[in-house]
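Student: Structure incoming, see below.
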Amino acid sequence: MYAGKKGQLKIFFGYTENIGKTRAMLKAAQDASAHGMRVLIGTVASQAGEELRSLMEGMETLPPAMTGGEPSFDLDGA
């Protein structure tokens, strides 16, 4: 389906909580999706509030990889 096309991966990192990284990422993802790009959510903190959950609504999510019995971001899957 995507043979021969080069992909692009954008990852948002941050030093501390509650400074707006996740909100910015989800809004950018919604914009990209609205412009026809395929968007896949890798991981969002489990304590995400109602606003973040509503921004995630309708987006495809990547199941986590299991690393040492703990769920983690599946880089290979992404």
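By convention in this document, the chains of the structure tokens carry letters A, B, ... by their order, each chain's residues are numbered from 1, and ligands are numbered from 1 in the order they are shown.
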Enumerate, as number ranges by chain, the complete set of residues in chain A that a backbone-based DSSP assignment places in strand (DSSP E).

Tutor: A: 40-41, 60-61, 65-67, 70-72

Student: Got time to write the residues from that selection, N, CA, C and O atoms, as a PDB file, in the first residue's frame?

Tutor:
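Contents of out-v7.pdb, freshly written:
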```pdb
ATOM      1  N   LEU A  40      -1.216   8.410  13.929  1.00  0.00           N
ATOM      2  CA  LEU A  40      -1.271   7.276  14.843  1.00  0.00           C
ATOM      3  C   LEU A  40      -0.751   7.737  16.195  1.00  0.00           C
ATOM      4  O   LEU A  40       0.362   8.257  16.292  1.00  0.00           O
ATOM      5  N   ILE A  41      -1.535   7.580  17.243  1.00  0.00           N
ATOM      6  CA  ILE A  41      -1.112   7.956  18.588  1.00  0.00           C
ATOM      7  C   ILE A  41      -0.359   6.778  19.196  1.00  0.00           C
ATOM      8  O   ILE A  41      -0.887   5.673  19.274  1.00  0.00           O
ATOM      9  N   GLU A  60      -6.602   6.898  15.602  1.00  0.00           N
ATOM     10  CA  GLU A  60      -6.066   5.540  15.683  1.00  0.00           C
ATOM     11  C   GLU A  60      -4.952   5.495  16.730  1.00  0.00           C
ATOM     12  O   GLU A  60      -4.158   6.411  16.839  1.00  0.00           O
ATOM     13  N   THR A  61      -4.904   4.414  17.524  1.00  0.00           N
ATOM     14  CA  THR A  61      -3.895   4.268  18.567  1.00  0.00           C
ATOM     15  C   THR A  61      -3.049   3.029  18.332  1.00  0.00           C
ATOM     16  O   THR A  61      -3.563   1.986  17.948  1.00  0.00           O
ATOM     17  N   ALA A  65       4.083  -1.829  23.188  1.00  0.00           N
ATOM     18  CA  ALA A  65       4.955  -3.006  23.227  1.00  0.00           C
ATOM     19  C   ALA A  65       5.124  -3.380  24.698  1.00  0.00           C
ATOM     20  O   ALA A  65       5.014  -2.530  25.580  1.00  0.00           O
ATOM     21  N   MET A  66       5.394  -4.627  24.968  1.00  0.00           N
ATOM     22  CA  MET A  66       5.649  -5.048  26.342  1.00  0.00           C
ATOM     23  C   MET A  66       7.158  -5.214  26.511  1.00  0.00           C
ATOM     24  O   MET A  66       7.782  -6.010  25.821  1.00  0.00           O
ATOM     25  N   THR A  67       7.747  -4.416  27.390  1.00  0.00           N
ATOM     26  CA  THR A  67       9.182  -4.453  27.648  1.00  0.00           C
ATOM     27  C   THR A  67       9.388  -4.814  29.113  1.00  0.00           C
ATOM     28  O   THR A  67       9.061  -4.020  29.987  1.00  0.00           O
ATOM     29  N   GLU A  70       6.303  -4.485  31.210  1.00  0.00           N
ATOM     30  CA  GLU A  70       5.720  -3.144  31.310  1.00  0.00           C
ATOM     31  C   GLU A  70       5.369  -2.634  29.913  1.00  0.00           C
ATOM     32  O   GLU A  70       6.129  -2.830  28.966  1.00  0.00           O
ATOM     33  N   PRO A  71       4.226  -1.939  29.764  1.00  0.00           N
ATOM     34  CA  PRO A  71       3.898  -1.372  28.462  1.00  0.00           C
ATOM     35  C   PRO A  71       4.815  -0.183  28.137  1.00  0.00           C
ATOM     36  O   PRO A  71       5.170   0.593  29.013  1.00  0.00           O
ATOM     37  N   SER A  72       5.238  -0.102  26.867  1.00  0.00           N
ATOM     38  CA  SER A  72       6.101   1.008  26.441  1.00  0.00           C
ATOM     39  C   SER A  72       5.779   1.360  24.994  1.00  0.00           C
ATOM     40  O   SER A  72       5.084   0.622  24.301  1.00  0.00           O
TER      41      SER A  72
END
```

Student: Please give the complete set of residues from chain A that DSSP, run on the backbone, assigns to helix (DSSP H, G or I), formatted as a count of residues only.

Tutor: 21
